[in-house]
Every structure is written in C-alpha cells, then in structure tokens.
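Notes follow the structure.
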Number of protein chains: 2
Amino acid sequence: MLSADARSRLTVVLVGARNPQNIGAAARAMQDFGFRNLRVVNDFAPPFEAAQLEAKSAVGAGKVMQAARLFPTLQEAIADCTVVAGTTAIGDRELTIPVTTLREAAASLRAALLPPLNEKREPDCHATQSQPRSMVALLFGSEKTGLTKEQLSYCSALLSIPMFQPEDRHLSMNLGQAVAVCLYELSREGFEGVRPLPNRDQPSPRLEDRERLLSLVLEVMTASGYDRRFPANSRTAVVRQLILPVGRSRDEIATWLGLFRHILRSLISSQP
Amino acid sequence: MLSADARSRLTVVLVGARNPQNIGAAARAMQDFGFRNLRVVNDFAPPFEAAQLEAKSAVGAGKVMQAARLFPTLQEAIADCTVVAGTTAIGDRELTIPVTTLREAAASLRAALLPPLNEKREPDCHATQSQPRSMVALLFGSEKTGLTKEQLSYCSALLSIPMFQPEDRHLSMNLGQAVAVCLYELSREGFEGVRPLPNRDQPSPRLEDRERLLSLVLEVMTASGYDRRFPANSRTAVVRQLILPVGRSRDEIATWLGLFRHILRSLISSQP
C-alpha cells in the first residue's frame, strides 16, 4: 500500500485545463485514491476560480480543491519537483523521451515516491527551506491539445494509457477519467518490496539550475554557430530534453554550469 | 489479450443512472477501452434520451451511445447474461455474495469473456435466436445509492475499487470514472487494438562515441581554462562520470559531439 507520506509527495498538475468541471473531477479522483496535492497551470484564472467556487464535479473533494494552487507557468508549478512524468496519447517524434504504458511507468513512479534515504534517517525532522521535500509531478495536458512540445520537454518520462483505437477517432480521454485511471494504477499494488532508486544521498538538481544550464547552452550554441542545427521554433524544447539527463546531483550540475560559463566567457571575450 | 470478440461479450449496465452527462461519460470510457455494449436500466426515459441526444460528455463515443439500449427493469437488461458482476463500495451485510477487489475480479471476468467451448468449436457460425451468445454483465448502481439490495441479489460476484477511506466521507466514485477504472483494469493486460507506442528503439550510444565526447570535453575544458577545477590525476575519471548520463541515444550523443566540436573550433580559431 502506498503510504500517506508517499502519496503526499505526488502532485497532479493540470496544465491548461479550461473546464472547471474537469478540474473538479480531477480533484474528486484524487480524493478517492488518497492524493491531496493538486496544481493547475493557467495564465487565465477564471476556470480555476470557478472550480474552487462551484464545481459540482468536485463533490466530496472540497479539501483537495480548496488546497489546490494556481500557477501562471508550468515551470513555477514544478519548481520543487525532481521527477516530472507526463501523460500523452501520442508522444512526440522530435523529442526522444521514452513512452511507456501506464502500467510500466507506475512502478517507477512508486519508487520515486519513496522518501529519499537522507530524509528517512530523520523521520521527524521538519522540511526546511534549505532542504525542501522533493516532489514527483504527474502532468496532464489540456482537454483540447494535451501537452505541447514545450510542456513535454520538461518530462523525463512519458506514460500512455493503453486505449482502443479505431481509425476514425482522435484519441483523448476525459481528463477526470484519465486522472482516475492513473491514480488507480498507482494505488493498485502493494508498496513494499519496491527498491528505492540509488543515488538518493545527494540532493537532486533543482529545476532552476537546469533552466540556467539550458540558457547557457543555448547561448553557447549561438556563440559557436551550432544553433543552426535546430529549427528556431523547437530549439529550446529539444535542448531542454538533451540536457535533462545531465547532472544527476546538485554538485554535478554545478560543474556543468561552471563549464558552460567558462566556455561562454571565452567565446565572447575572443570575439572581435 | 482480450480479443474484440471477448470485448463484445461484455455489457456495461448502468442501473438507475439519473444524470445524462454520467451516461455519456460512461459511453466515452467504453469507447476508449473498446467496449460497445451499453445498457441503461430506468423506468423513466428522459435521462437516457437526453444522453443520446446531447450529452457532451459522450464526445467521440457517438456510436456507443446510439447503440445503447434502455430497459425498464434490471431483469430484462440482463436476460441474456450468464455472468452478472456488480460494483459496490460496501457490499451488503445480509447478502453473502463474495466481494473482491477489482483487480482480483478482473481475472475472473476476463475468463468469463472467453467464448464458451461449444462456440469455439464452430467459430464461423452465426449466433441464432435459439442459441444466443452468452453475455457478461458489469453493473453500476445509481449515483446516489449505488446498487440496492434487490439489484445486488442478481450478482454472482461483487467487486470493489480499492479507495482511500477517510472516516469523514461517504465513499462513492464518479460514475464515469468508476466505469473507466473498471474497463482499464479489464484491458490492462493488453489487446490487439492497442496502438503501438512510437518506436523508441533508437540505438544506444557506443562506448567509442562516449570516449570521443570525453576527449572533446577535456580539450574544451583546457581551452576555456576550466580544467583547473579538477586535479590533473583524477580529471579524466571525474569527467567520464560527468558525461556518463549524457546522450541517451546515438542521435543525442551525435548532437553533443557536434556541439563540442563547434565550441572547440571557435575557441581555438579565436586564440591569438
């Protein structure tokens, strides 16, 4: 059984959900399976506010809905997340993020939800600002478009709910149903016996460090003339994926940041 | 593997559903997982008629919704069913029908969906009135009350979706979500209609590519003055570890190689 602590480490992130009833339905599914942390990404507040005020679909899930938070950008919503998994029906040809079935992905997600070893050693300590709890994000895209290429590029893993696909139909599950199915699969199995992932002793890189590295690599690409390799409209997303596996710890990412700062300084200072 | 024939043998029976949107949502979940046979039990026709006419929740599931049938009584709806399973959050104290988890029940249901031996012997025969196909019914109760004792009494098995259960809350899943979760569990083992995931079988990077990248990164470190960060005697080993997670495919490592070649060329050509 997934412990309450493990459950509290998962955040469901609805990216661009437009229908308040769908937001409420997602909250209800979370309540049903014991997950509490709901985040909504939208630069337009009314759907979220309507869901908090009056979504009938959230019946019984008032606590989840009231504790939900609205973020203007995906990046802010997942700032404290060390693992980001996205749901997709189709993947993306240009991004090489592995797509697995929900069933396969659930095992990895459950392992990621186990507390890191260093937190386990001090079970009673309160999370401090210097050492916040690492969260695991599960992203669901908007009803119309799913996750965009840009949004997918934040994900280290993509999962797909296996569906029946006749030729005449665009694949897209109802948002609340998709959330329910994913959380059911996560809750379905006993939790014991899952081996924690290695390398938990070192603090994981923060999203902000990774985004800083992304900016530096893009600048270096431009300064060295390598940016022409990628179409301008997908360059950021492709490079974000390229550097995603880089820097398994905060120390490693600091080294990469230092290296690219040096490269950029050398390239710029040598220009005529 | 649940075949199309096995799927067509299952009928989802909504007993007393009152909300047209919930009926539509159930149809959509059925469409998503490849089930077609929907029956609604209600002696009051308007919710069913509204669902057929206008339920937005049935988007993409028009065929399922149009082929759905309304029955005035449960008994008529399940007249051709040899196995009847009910969904319940609570069971019934006075009835001694075994209640199992959805997961356990799914195995029995899948077995029941296999064609009977006598049909198997004549795979090409058409079903006749004298020998109709035996169906398997999965019953869902009304939104307010679930299945009544009377309705439960038709069931040879009861299944329950394991949910998180705080003391302060009446357990009841949204109808469409409950249908989605049950049909997901039935389909979870995979079926022919499943769309293959995009081909992710990209060749893994070769060691020689990784070593070439290592040399390039070391040269770039020297050229940019960053090599002083590491003691000379351990530098190669440390940097080999640093680049180990880089380049999850041969394509990705080719990109990294190209980037560092460009950087090195720019750095060297600009030196006095």
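Please note that chains go A, B, ... in the order of the structure tokens, that every chain numbers its residues from 1, and that ligands are numbered from 1 in the order shown.
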Check: which chain B residues lie within 6 Å of chain A using only C-alpha atoms, as number ranges by chain: B: 32-34, 163-164, 177, 181, 193-194, 224, 245-246, 262-263, 266, 270
Contacts of stretch 206-208 of chain B at 8 Å (only C-alpha atoms; same-chain gap of 3+ positions) as a PyMOL selection string: chain B and resi 211-212+250
Residue neighbourhood stretch 63-70 of chain B, 12 Å, only C-alpha atoms, exclusion window fewer than 6 positions, as a ChimeraX atom specification: /A:166,168-169 /B:8,11-17,20-57,76-78
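Taking atom CA of B:Ala85 and atom CA of B:Ser156 as endpoints, the distance between them is 6.0 Å.
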Which of stretch 16-158 of chain A fall in strand (DSSP E or B), as a tab-separated table (two decimals) with C-alpha atoms, in the first residue's frame:
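Written out: result.tsv:
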chain	number	residue	atom	x	y	z
A	37	ASN	CA	-1.66	17.91	-3.91
A	38	LEU	CA	-3.33	19.49	-6.94
A	39	ARG	CA	-1.77	22.23	-9.05
A	40	VAL	CA	-3.29	23.96	-12.03
A	41	VAL	CA	-1.25	25.85	-14.62
A	69	ARG	CA	-2.86	26.07	-6.20
A	70	LEU	CA	-2.83	28.04	-9.43
A	71	PHE	CA	0.43	28.79	-11.22
A	81	CYS	CA	9.74	18.56	-8.42
A	82	THR	CA	12.70	16.28	-9.06
A	83	VAL	CA	10.75	13.82	-11.16
A	84	VAL	CA	8.34	15.02	-13.83
A	85	ALA	CA	6.24	12.50	-15.75
A	86	GLY	CA	3.82	13.47	-18.49
A	87	THR	CA	0.75	11.74	-19.83
A	99	VAL	CA	6.98	6.49	-23.67
A	100	THR	CA	5.83	3.53	-21.60
A	101	THR	CA	2.44	2.19	-20.69
A	135	MET	CA	8.06	16.19	-5.18
A	136	VAL	CA	7.02	13.99	-8.06
A	137	ALA	CA	4.85	15.64	-10.69
A	138	LEU	CA	2.35	13.90	-12.93
A	139	LEU	CA	1.29	16.23	-15.75
A	140	PHE	CA	-1.98	16.15	-17.65
A	142	SER	CA	-5.35	20.50	-21.69
A	146	GLY	CA	-2.80	17.52	-24.50
A	157	ALA	CA	9.25	10.10	-18.73
A	158	LEU	CA	6.01	9.89	-20.66
